[in-house]
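> Here you go, this is coords30.pdb (PDB, C-alpha atoms).
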```
ATOM      1  CA  MET J   1     -43.984  10.067 -14.057
ATOM      2  CA  LYS J   2     -44.275  13.298 -12.081
ATOM      3  CA  ASN J   3     -44.539  11.410  -8.791
ATOM      4  CA  ALA J   4     -41.541   9.261  -9.703
ATOM      5  CA  LEU J   5     -39.520  12.378 -10.510
ATOM      6  CA  ARG J   6     -40.551  13.944  -7.191
ATOM      7  CA  ASN J   7     -39.395  10.847  -5.327
ATOM      8  CA  ILE J   8     -36.048  10.711  -7.137
ATOM      9  CA  VAL J   9     -35.342  14.371  -6.446
ATOM     10  CA  PHE J  10     -36.411  13.945  -2.833
ATOM     11  CA  ALA J  11     -34.207  10.888  -2.338
ATOM     12  CA  THR J  12     -31.216  12.790  -3.695
ATOM     13  CA  PHE J  13     -31.760  15.765  -1.401
ATOM     14  CA  LEU J  14     -32.438  13.469   1.542
ATOM     15  CA  LEU J  15     -29.131  11.702   1.032
ATOM     16  CA  VAL J  16     -27.158  14.928   0.626
ATOM     17  CA  SER J  17     -28.862  16.622   3.577
ATOM     18  CA  PHE J  18     -28.754  13.889   6.167
ATOM     19  CA  ILE J  19     -25.445  12.059   5.701
ATOM     20  CA  PRO J  20     -23.594  14.687   7.767
ATOM     21  CA  LEU J  21     -26.508  15.506  10.028
ATOM     22  CA  GLN J  22     -26.938  12.103  11.649
ATOM     23  CA  ALA J  23     -23.740  12.796  13.589
ATOM     24  CA  GLN J  24     -25.385  14.765  16.371
ATOM     25  CA  LYS J  25     -28.542  16.309  17.770
ATOM     26  CA  ASP J  26     -29.218  18.245  14.624
ATOM     27  CA  ILE J  27     -32.885  19.245  14.637
ATOM     28  CA  VAL J  28     -33.145  22.640  12.980
ATOM     29  CA  MET J  29     -36.103  24.695  14.198
ATOM     30  CA  SER J  30     -36.960  28.002  12.515
ATOM     31  CA  GLN J  31     -38.478  29.487  15.680
ATOM     32  CA  TYR J  32     -35.194  29.570  17.587
ATOM     33  CA  MET J  33     -35.919  33.073  18.907
ATOM     34  CA  HIS J  34     -38.778  31.597  20.975
ATOM     35  CA  ASN J  35     -36.671  28.739  22.338
ATOM     36  CA  ARG J  36     -32.989  29.650  22.451
ATOM     37  CA  TYR J  37     -32.457  26.888  25.008
ATOM     38  CA  ALA J  38     -32.702  24.331  22.186
ATOM     39  CA  LEU J  39     -29.592  25.885  20.588
ATOM     40  CA  ASN J  40     -27.691  26.876  23.700
ATOM     41  CA  THR J  41     -28.334  25.409  27.155
ATOM     42  CA  ALA J  42     -26.708  28.474  28.755
ATOM     43  CA  PHE J  43     -30.111  30.142  28.249
ATOM     44  CA  ALA J  44     -31.667  27.805  30.829
ATOM     45  CA  GLY J  45     -33.631  29.858  33.347
ATOM     46  CA  ASN J  46     -33.612  32.979  31.178
ATOM     47  CA  ARG J  47     -37.370  33.424  31.614
ATOM     48  CA  GLU J  48     -36.898  33.281  35.415
ATOM     49  CA  VAL J  49     -39.682  30.692  35.800
ATOM     50  CA  LEU J  50     -40.285  27.107  34.763
ATOM     51  CA  SER J  51     -40.702  27.377  30.986
ATOM     52  CA  VAL J  52     -42.061  24.496  28.885
ATOM     53  CA  TYR J  53     -41.834  24.394  25.088
ATOM     54  CA  GLY J  54     -43.140  21.887  22.563
ATOM     55  CA  GLY J  55     -42.709  22.045  18.804
ATOM     56  CA  TYR J  56     -43.367  19.951  15.700
ATOM     57  CA  ARG J  57     -41.710  20.500  12.333
ATOM     58  CA  LYS J  58     -42.616  18.841   9.035
ATOM     59  CA  LYS J  59     -39.990  19.393   6.372
ATOM     60  CA  TRP J  60     -40.834  19.245   2.664
ATOM     61  CA  ALA J  61     -44.536  18.558   3.207
ATOM     62  CA  GLY J  62     -46.250  16.663   0.408
ATOM     63  CA  ILE J  63     -43.425  14.172  -0.141
ATOM     64  CA  ASP J  64     -43.748  10.674   1.310
ATOM     65  CA  GLY J  65     -41.063   9.936   3.894
ATOM     66  CA  SER J  66     -39.980  13.567   4.290
ATOM     67  CA  PRO J  67     -38.405  14.485   7.642
ATOM     68  CA  GLY J  68     -40.600  15.114  10.660
ATOM     69  CA  SER J  69     -39.223  16.418  13.976
ATOM     70  CA  MET J  70     -40.626  16.827  17.475
ATOM     71  CA  LEU J  71     -38.960  18.775  20.270
ATOM     72  CA  PHE J  72     -39.892  19.170  23.928
ATOM     73  CA  SER J  73     -37.888  21.197  26.414
ATOM     74  CA  MET J  74     -38.243  22.550  29.928
ATOM     75  CA  HIS J  75     -35.870  24.680  31.986
ATOM     76  CA  SER J  76     -35.999  26.698  35.176
ATOM     77  CA  PRO J  77     -33.833  28.500  37.726
ATOM     78  CA  LEU J  78     -33.596  26.819  41.105
ATOM     79  CA  LYS J  79     -34.346  28.410  44.451
ATOM     80  CA  LYS J  80     -30.687  29.365  44.404
ATOM     81  CA  GLU J  81     -31.157  31.584  41.361
ATOM     82  CA  ASN J  82     -27.618  31.416  40.014
ATOM     83  CA  ILE J  83     -28.215  27.760  39.095
ATOM     84  CA  ALA J  84     -30.624  26.590  36.401
ATOM     85  CA  LEU J  85     -31.454  23.108  35.138
ATOM     86  CA  GLY J  86     -32.972  21.994  31.868
ATOM     87  CA  LEU J  87     -34.175  18.935  29.979
ATOM     88  CA  GLU J  88     -34.788  18.342  26.297
ATOM     89  CA  VAL J  89     -36.324  15.363  24.494
ATOM     90  CA  PHE J  90     -36.375  15.164  20.719
ATOM     91  CA  ASN J  91     -37.354  12.838  17.906
ATOM     92  CA  GLN J  92     -36.998  12.952  14.161
ATOM     93  CA  GLN J  93     -37.826  10.510  11.400
ATOM     94  CA  TYR J  94     -36.925  10.545   7.712
ATOM     95  CA  GLY J  95     -37.716   7.629   5.480
ATOM     96  CA  VAL J  96     -36.880   4.416   7.358
ATOM     97  CA  ASN J  97     -34.503   6.198   9.753
ATOM     98  CA  LYS J  98     -35.455   7.391  13.225
ATOM     99  CA  GLN J  99     -33.523   9.313  15.882
ATOM    100  CA  THR J 100     -34.704   9.760  19.481
ATOM    101  CA  GLY J 101     -32.672  11.519  22.127
ATOM    102  CA  PHE J 102     -32.550  13.332  25.439
ATOM    103  CA  ILE J 103     -30.308  16.026  26.906
ATOM    104  CA  GLY J 104     -30.010  17.329  30.444
ATOM    105  CA  SER J 105     -28.182  20.546  31.319
ATOM    106  CA  TYR J 106     -26.622  22.433  34.208
ATOM    107  CA  THR J 107     -26.224  26.215  33.942
ATOM    108  CA  TYR J 108     -24.418  28.600  36.274
ATOM    109  CA  ARG J 109     -25.505  32.244  36.066
ATOM    110  CA  LEU J 110     -23.739  35.375  37.262
ATOM    111  CA  LYS J 111     -25.679  38.576  37.972
ATOM    112  CA  MET J 112     -24.182  41.655  36.385
ATOM    113  CA  SER J 113     -25.038  45.341  36.366
ATOM    114  CA  GLY J 114     -27.879  46.635  34.234
ATOM    115  CA  ASN J 115     -30.141  43.638  34.865
ATOM    116  CA  ARG J 116     -27.780  41.432  32.835
ATOM    117  CA  LYS J 117     -26.806  37.827  33.383
ATOM    118  CA  LEU J 118     -23.728  35.934  32.211
ATOM    119  CA  ALA J 119     -24.266  32.176  32.009
ATOM    120  CA  PHE J 120     -22.192  29.066  31.340
ATOM    121  CA  SER J 121     -23.549  25.576  30.796
ATOM    122  CA  ILE J 122     -22.676  21.964  30.213
ATOM    123  CA  ASN J 123     -25.107  19.433  28.788
ATOM    124  CA  GLY J 124     -25.103  15.686  28.309
ATOM    125  CA  GLY J 125     -27.355  12.950  27.032
ATOM    126  CA  GLY J 126     -27.616  10.592  24.117
ATOM    127  CA  SER J 127     -29.339   9.653  20.868
ATOM    128  CA  PHE J 128     -30.825   6.320  19.815
ATOM    129  CA  TYR J 129     -30.626   5.611  16.077
ATOM    130  CA  ASN J 130     -32.876   3.073  14.375
ATOM    131  CA  SER J 131     -32.870   2.130  10.695
ATOM    132  CA  ASN J 132     -35.669  -0.190   9.566
ATOM    133  CA  TRP J 133     -34.030  -1.387   6.365
ATOM    134  CA  SER J 134     -36.574  -4.201   6.051
ATOM    135  CA  GLU J 135     -39.123  -1.574   5.030
ATOM    136  CA  VAL J 136     -37.097  -0.650   1.947
ATOM    137  CA  SER J 137     -38.460  -1.992  -1.338
ATOM    138  CA  THR J 138     -36.182  -2.147  -4.353
ATOM    139  CA  PHE J 139     -36.743  -2.706  -8.069
ATOM    140  CA  ASP J 140     -35.871  -5.857  -9.961
ATOM    141  CA  GLY J 141     -34.129  -5.884 -13.306
ATOM    142  CA  ASN J 142     -37.440  -6.077 -15.155
ATOM    143  CA  GLY J 143     -38.881  -2.966 -13.585
ATOM    144  CA  GLY J 144     -40.934  -4.808 -10.983
ATOM    145  CA  GLU J 145     -41.678  -3.118  -7.659
ATOM    146  CA  GLY J 146     -41.853  -4.365  -4.100
ATOM    147  CA  VAL J 147     -38.870  -6.700  -4.287
ATOM    148  CA  LEU J 148     -37.016  -7.043  -0.969
ATOM    149  CA  ASP J 149     -33.257  -7.019  -1.416
ATOM    150  CA  ASN J 150     -31.363  -9.287   1.002
ATOM    151  CA  GLU J 151     -28.994  -6.397   1.710
ATOM    152  CA  PHE J 152     -31.898  -4.627   3.374
ATOM    153  CA  ALA J 153     -33.195  -7.586   5.345
ATOM    154  CA  ALA J 154     -31.848  -6.459   8.740
ATOM    155  CA  ASN J 155     -32.617  -3.517  11.006
ATOM    156  CA  GLU J 156     -29.993  -1.506  12.872
ATOM    157  CA  SER J 157     -30.037   0.142  16.296
ATOM    158  CA  ASN J 158     -27.232   2.234  17.785
ATOM    159  CA  PHE J 159     -26.623   4.687  20.607
ATOM    160  CA  ALA J 160     -24.430   7.792  20.542
ATOM    161  CA  PRO J 161     -23.495  10.160  23.403
ATOM    162  CA  VAL J 162     -24.217  13.891  23.417
ATOM    163  CA  VAL J 163     -21.925  16.283  25.321
ATOM    164  CA  GLY J 164     -22.030  20.035  24.736
ATOM    165  CA  PHE J 165     -21.144  23.434  26.144
ATOM    166  CA  GLY J 166     -22.573  26.941  26.032
ATOM    167  CA  ALA J 167     -22.110  30.531  27.132
ATOM    168  CA  ALA J 168     -24.575  33.419  26.977
ATOM    169  CA  MET J 169     -25.269  36.952  28.133
ATOM    170  CA  TYR J 170     -28.746  38.454  28.188
ATOM    171  CA  SER J 171     -30.904  41.190  29.667
ATOM    172  CA  ASN J 172     -34.376  42.584  29.055
ATOM    173  CA  LYS J 173     -33.070  44.280  25.898
ATOM    174  CA  TYR J 174     -30.713  41.847  24.179
ATOM    175  CA  PHE J 175     -29.255  38.363  24.120
ATOM    176  CA  VAL J 176     -26.069  36.856  22.690
ATOM    177  CA  GLY J 177     -24.649  33.370  22.997
ATOM    178  CA  VAL J 178     -22.225  30.781  21.617
ATOM    179  CA  SER J 179     -22.503  27.027  21.951
ATOM    180  CA  ILE J 180     -21.308  23.599  20.841
ATOM    181  CA  PRO J 181     -24.460  21.470  21.199
ATOM    182  CA  ASN J 182     -22.523  18.218  20.803
ATOM    183  CA  SER J 183     -18.781  17.617  20.693
ATOM    184  CA  PHE J 184     -19.129  13.945  19.721
ATOM    185  CA  TYR J 185     -19.428  12.706  16.134
ATOM    186  CA  TYR J 186     -21.452   9.605  15.323
ATOM    187  CA  ASN J 187     -20.973   7.881  11.971
ATOM    188  CA  PRO J 188     -23.910   5.548  11.227
ATOM    189  CA  TYR J 189     -22.320   4.294   8.002
ATOM    190  CA  VAL J 190     -19.677   2.244   9.787
ATOM    191  CA  GLU J 191     -20.823  -1.234  10.801
ATOM    192  CA  GLY J 192     -22.119  -1.008  14.345
ATOM    193  CA  GLY J 193     -21.743   2.790  14.275
ATOM    194  CA  SER J 194     -18.733   4.728  15.522
ATOM    195  CA  ASN J 195     -18.397   7.502  18.122
ATOM    196  CA  GLU J 196     -15.527   9.907  18.542
ATOM    197  CA  PHE J 197     -14.793  13.206  20.249
ATOM    198  CA  ALA J 198     -14.340  15.455  17.210
ATOM    199  CA  LEU J 199     -14.651  19.242  17.500
ATOM    200  CA  ASP J 200     -13.579  19.548  13.871
ATOM    201  CA  LYS J 201     -16.906  17.929  12.911
ATOM    202  CA  ALA J 202     -19.076  19.698  15.504
ATOM    203  CA  ASP J 203     -21.526  22.553  15.017
ATOM    204  CA  PHE J 204     -20.480  25.925  16.460
ATOM    205  CA  ILE J 205     -23.570  28.103  16.937
ATOM    206  CA  ALA J 206     -23.762  31.843  17.608
ATOM    207  CA  THR J 207     -27.033  33.656  18.296
ATOM    208  CA  GLY J 208     -27.958  37.234  19.083
ATOM    209  CA  GLY J 209     -30.867  39.633  19.151
ATOM    210  CA  TYR J 210     -31.977  43.071  20.308
ATOM    211  CA  LEU J 211     -35.324  44.561  21.285
ATOM    212  CA  PHE J 212     -36.110  48.038  19.919
ATOM    213  CA  THR J 213     -39.017  49.960  21.445
ATOM    214  CA  LEU J 214     -40.743  51.852  18.633
ATOM    215  CA  SER J 215     -43.667  53.082  20.711
ATOM    216  CA  LYS J 216     -45.737  52.014  23.688
ATOM    217  CA  LYS J 217     -47.397  49.242  21.649
ATOM    218  CA  TRP J 218     -44.844  48.471  18.950
ATOM    219  CA  HIS J 219     -41.506  46.668  19.246
ATOM    220  CA  LEU J 220     -38.987  45.437  16.698
ATOM    221  CA  GLN J 221     -36.853  42.396  17.429
ATOM    222  CA  PRO J 222     -34.086  41.552  14.918
ATOM    223  CA  SER J 223     -32.050  38.412  15.604
ATOM    224  CA  PHE J 224     -29.636  36.021  13.945
ATOM    225  CA  MET J 225     -28.328  32.483  14.202
ATOM    226  CA  ALA J 226     -25.046  31.382  12.627
ATOM    227  CA  ARG J 227     -24.215  27.679  12.424
ATOM    228  CA  TYR J 228     -20.611  26.846  11.453
ATOM    229  CA  ASN J 229     -19.259  23.377  10.725
ATOM    230  CA  ALA J 230     -15.726  23.006   9.379
ATOM    231  CA  GLU J 231     -16.499  19.752   7.559
ATOM    232  CA  PHE J 232     -20.203  19.865   6.781
ATOM    233  CA  ASN J 233     -22.762  22.538   5.901
ATOM    234  CA  SER J 234     -22.782  26.011   7.500
ATOM    235  CA  SER J 235     -25.614  28.529   7.419
ATOM    236  CA  VAL J 236     -26.833  31.878   8.758
ATOM    237  CA  ASP J 237     -30.407  32.866   9.672
ATOM    238  CA  ILE J 238     -31.326  36.552   9.726
ATOM    239  CA  ASN J 239     -34.681  37.343  11.310
ATOM    240  CA  ALA J 240     -36.821  40.404  12.057
ATOM    241  CA  THR J 241     -40.056  40.353  14.049
ATOM    242  CA  ILE J 242     -42.602  43.086  14.690
ATOM    243  CA  ILE J 243     -44.448  42.788  18.022
ATOM    244  CA  TYR J 244     -47.756  44.578  18.560
ATOM    245  CA  ASN J 245     -49.164  45.267  22.020
ATOM    246  CA  ASN J 246     -47.132  42.423  23.545
ATOM    247  CA  MET J 247     -49.560  39.973  21.911
ATOM    248  CA  LEU J 248     -49.083  39.576  18.164
ATOM    249  CA  TRP J 249     -45.752  38.608  16.588
ATOM    250  CA  VAL J 250     -45.231  38.782  12.813
ATOM    251  CA  GLY J 251     -41.836  38.202  11.273
ATOM    252  CA  GLY J 252     -39.713  36.838   8.489
ATOM    253  CA  ALA J 253     -36.280  35.349   8.049
ATOM    254  CA  TYR J 254     -33.758  34.483   5.376
ATOM    255  CA  ARG J 255     -31.493  31.447   5.620
ATOM    256  CA  THR J 256     -28.354  31.287   3.498
ATOM    257  CA  THR J 257     -29.369  27.807   2.328
ATOM    258  CA  ASN J 258     -31.780  29.764   0.080
ATOM    259  CA  ASP J 259     -34.769  29.426   2.403
ATOM    260  CA  PHE J 260     -37.288  32.138   3.272
ATOM    261  CA  VAL J 261     -39.301  31.879   6.481
ATOM    262  CA  ALA J 262     -42.581  33.569   7.474
ATOM    263  CA  MET J 263     -43.796  33.306  11.048
ATOM    264  CA  VAL J 264     -46.587  34.458  13.315
ATOM    265  CA  ALA J 265     -47.192  34.046  17.048
ATOM    266  CA  TYR J 266     -49.972  34.986  19.424
ATOM    267  CA  GLN J 267     -49.526  35.619  23.152
ATOM    268  CA  VAL J 268     -52.820  34.255  24.481
ATOM    269  CA  THR J 269     -51.976  35.150  28.083
ATOM    270  CA  PRO J 270     -48.777  36.431  29.735
ATOM    271  CA  GLN J 271     -47.882  32.759  30.189
ATOM    272  CA  LEU J 272     -49.150  31.029  27.032
ATOM    273  CA  ARG J 273     -47.973  31.547  23.432
ATOM    274  CA  PHE J 274     -48.752  29.740  20.166
ATOM    275  CA  SER J 275     -46.582  30.138  17.067
ATOM    276  CA  TYR J 276     -46.441  28.957  13.459
ATOM    277  CA  SER J 277     -43.849  29.292  10.721
ATOM    278  CA  LEU J 278     -43.580  28.342   7.057
ATOM    279  CA  ASP J 279     -40.250  27.757   5.317
ATOM    280  CA  TYR J 280     -40.044  28.051   1.555
ATOM    281  CA  ALA J 281     -36.990  26.665  -0.232
ATOM    282  CA  THR J 282     -36.004  28.504  -3.411
ATOM    283  CA  GLY J 283     -33.618  25.761  -4.580
ATOM    284  CA  ASP J 284     -34.469  22.806  -6.807
ATOM    285  CA  ILE J 285     -36.310  20.941  -4.053
ATOM    286  CA  GLY J 286     -38.729  23.866  -3.658
ATOM    287  CA  SER J 287     -40.628  22.862  -6.784
ATOM    288  CA  TYR J 288     -41.370  19.379  -5.455
ATOM    289  CA  ASN J 289     -42.862  20.052  -2.014
ATOM    290  CA  ASP J 290     -45.401  22.205  -0.174
ATOM    291  CA  GLY J 291     -42.958  23.919   2.147
ATOM    292  CA  THR J 292     -41.809  23.227   5.690
ATOM    293  CA  HIS J 293     -44.347  23.781   8.467
ATOM    294  CA  GLU J 294     -43.563  24.290  12.144
ATOM    295  CA  VAL J 295     -45.974  24.764  15.055
ATOM    296  CA  ALA J 296     -45.075  25.367  18.692
ATOM    297  CA  ILE J 297     -46.580  26.112  22.085
ATOM    298  CA  GLN J 298     -44.821  27.675  25.059
ATOM    299  CA  PHE J 299     -46.052  27.951  28.629
ATOM    300  CA  ASP J 300     -44.374  29.740  31.524
ATOM    301  CA  PHE J 301     -45.429  28.558  34.973
ATOM    302  CA  GLY J 302     -45.642  31.113  37.761
ATOM    303  CA  TYR J 303     -46.795  34.708  37.814
ATOM    304  CA  LYS J 304     -43.857  36.616  39.264
ATOM    305  CA  VAL J 305     -41.387  37.312  36.507
ATOM    306  CA  LYS J 306     -38.518  39.660  37.277
ATOM    307  CA  THR J 307     -37.607  40.938  33.827
ATOM    308  CA  PRO J 308     -39.697  43.893  32.497
ATOM    309  CA  ASN J 309     -40.248  42.146  29.160
ATOM    310  CA  PRO J 310     -40.674  38.449  30.004
ATOM    311  CA  LYS J 311     -42.238  37.607  26.669
ATOM    312  CA  PHE J 312     -39.223  38.825  24.723
ATOM    313  CA  PHE J 313     -36.201  37.753  26.728
TER
END
```
Go ahead and express the file in the form of structure tokens.


Amino acid sequence: MKNALRNIVFATFLLVSFIPLQAQKDIVMSQYMHNRYALNTAFAGNREVLSVYGGYRKKWAGIDGSPGSMLFSMHSPLKKENIALGLEVFNQQYGVNKQTGFIGSYTYRLKMSGNRKLAFSINGGGSFYNSNWSEVSTFDGNGGEGVLDNEFAANESNFAPVVGFGAAMYSNKYFVGVSIPNSFYYNPYVEGGSNEFALDKADFIATGGYLFTLSKKWHLQPSFMARYNAEFNSSVDINATIIYNNMLWVGGAYRTTNDFVAMVAYQVTPQLRFSYSLDYATGDIGSYNDGTHEVAIQFDFGYKVKTPNPKFF
């Protein structure tokens, strides 16, 4: 009975959470401060070397069919430093639904006084949607399990474009940016899927952060991410991270969807960093899962980095 209740609650939250989200590249990663490029392609090249990032996120662990997401990105300035290119590949699966996509980006950067850069970007790509309805088992009128309903006998595959824009300003002390990751809306619940240019259904994302030097070995880095959608869900993340000796990162965040996040990262070398975060939902779903886990690795190629604090910004 307990497992059945868990599955019913999960199915309800899954339906409510993902009906609007299938419209675009919507993977939400808690460790956005380590990979701002995933939210805003105007940050391409901000580490002044080729930077590679890989992350995996398991939402609502302990529940069968709960969402799992993978994200890989790489970006770098070119020899002509005012131009930067980037690439992102992502995948997420929830229940019988799967989304796989790719995004390429072009960023133009302007040097400003005070070691600042102003950047503008455009990105494009697409998402492949697959729904394996044949894997769905329904219940018969007598309470039997494992009955295949003819309505679920077919599988669906669709493709949707991704086109977005971004702007950002950053230095070795702060960053701020605004972006529209995708201006197209994809509705998977229309036969054959439907695509339309619809800014009224797009996510508008704003991010910002500042680095405070507390002492030679201690730094404080508060940051935020605000996600606004006129038709669907909006949220704000507020984060604060303590950094010790440029090696150990310990922080926490609050998300206005009633989630608390704890995170830790370790800078193994000036180029290599591992990180882990745990999301805990305080809403009704929080009682039926073991939290959301996210792990990531970041590697910066090259040894000559121009910013004084390459690990931060």

> Give me, please, the distance in Å between CA of Asn123 (chain J) and CA of Ala42 (chain J), quoted to one decimal.

9.2 Å

> Using the chain letters and residue numbers of this document, give as a PyMOL selection string the residues selected by the PyMOL selection byres ((chain J and resi 242-249) around 10).

chain J and resi 211-222+240-241+250-252+263-270+273+275+309-312

> Pick out the closest residue to Phe165 (chain J) from this set: J:Met29, J:Met74, J:Ile103, J:Ala230. Count only C-alpha atoms.

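Distance minimum relative to Phe165 (chain J) lands on J:Ile103.
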
> What residues come out when you apply the PyMOL selection byres ((chain J and resi 191-205) around 9) to this file, written as a PyMOL selection string?

chain J and resi 23-24+26+39-40+156-161+177-190+206-207+225-232+234

> Report as a list in words the full result of the PyMOL selection byres ((chain J and resi 70) around 10) when it is applied to this structure.

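Expected selection for the PyMOL selection byres ((chain J and resi 70) around 10) here is Ile27, Met29, Gly54, Gly55, Tyr56, Arg57, Lys58, Gly68, Ser69, Leu71, Phe72, Val89, Phe90, Asn91, Gln92, Gln93, Thr100, Glu294, Val295 and Ala296 of chain J.
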
> Taking all atoms listed in the file into account, which of J:Gly104, J:Gly164, J:Gly45, J:Pro67 comes nearest Leu118 (chain J)?

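When distances to Leu118 (chain J) are compared using all atoms listed in the file, the smallest one comes from J:Gly45.
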
> Of the candidates J:Ala44, J:Phe120, J:Phe128, J:Asn82, which one gets nearest to Gly166 (chain J) if we count all atoms listed in the file?

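Going through J:Ala44, J:Phe120, J:Phe128, J:Asn82 one by one, the smallest distance to Gly166 (chain J) is for J:Phe120.
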
> So, with all atoms listed in the file as the atoms that count, which of J:Ser223, J:Asn132, J:Ser66, J:Ser121 lies closest to Asn97 (chain J)?

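Smallest separation from Asn97 (chain J) among the options: J:Asn132.
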
> What gap, in Å, lies between CA of Ser171 (chain J) and CA of Lys117 (chain J)?

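Atom-to-atom, CA of Ser171 (chain J) and CA of Lys117 (chain J) are spaced 6.5 Å apart.
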
> What is the distance between CA of Gln298 (chain J) and CA of Leu50 (chain J), in Å to one decimal?

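Interatomic distance, CA of Gln298 (chain J) to CA of Leu50 (chain J): 10.7 Å.
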
> Which residue is closest to Ala168 (chain J)? Choose from J:Asn115, J:Asn46, J:Gln31, J:Thr256 and count all atoms listed in the file.

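Using all atoms listed in the file, the shortest distance to Ala168 (chain J) belongs to J:Asn46.
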
> Return the single residue from J:Lys79, J:Val49, J:Leu278, J:Phe260 that is closest to Asp290 (chain J), with distances computed using all atoms listed in the file.

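Distance minimum relative to Asp290 (chain J) lands on J:Leu278.
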
> Would you list the contacts of Lys80 (chain J) as a PDB file with C-alpha atoms, keeping the file's coordinate frame, taking every protein, DNA or RNA residue within 12 Å and counting only C-alpha atoms, but skipping same-chain residues closer than 2 positions in sequence?


```
ATOM      1  CA  GLY J  45     -33.631  29.858  33.347  1.00  0.00           C
ATOM      2  CA  GLU J  48     -36.898  33.281  35.415  1.00  0.00           C
ATOM      3  CA  SER J  76     -35.999  26.698  35.176  1.00  0.00           C
ATOM      4  CA  PRO J  77     -33.833  28.500  37.726  1.00  0.00           C
ATOM      5  CA  LEU J  78     -33.596  26.819  41.105  1.00  0.00           C
ATOM      6  CA  ASN J  82     -27.618  31.416  40.014  1.00  0.00           C
ATOM      7  CA  ILE J  83     -28.215  27.760  39.095  1.00  0.00           C
ATOM      8  CA  ALA J  84     -30.624  26.590  36.401  1.00  0.00           C
ATOM      9  CA  LEU J  85     -31.454  23.108  35.138  1.00  0.00           C
ATOM     10  CA  THR J 107     -26.224  26.215  33.942  1.00  0.00           C
ATOM     11  CA  TYR J 108     -24.418  28.600  36.274  1.00  0.00           C
ATOM     12  CA  ARG J 109     -25.505  32.244  36.066  1.00  0.00           C
ATOM     13  CA  LEU J 110     -23.739  35.375  37.262  1.00  0.00           C
TER      14      LEU J 110
END
```
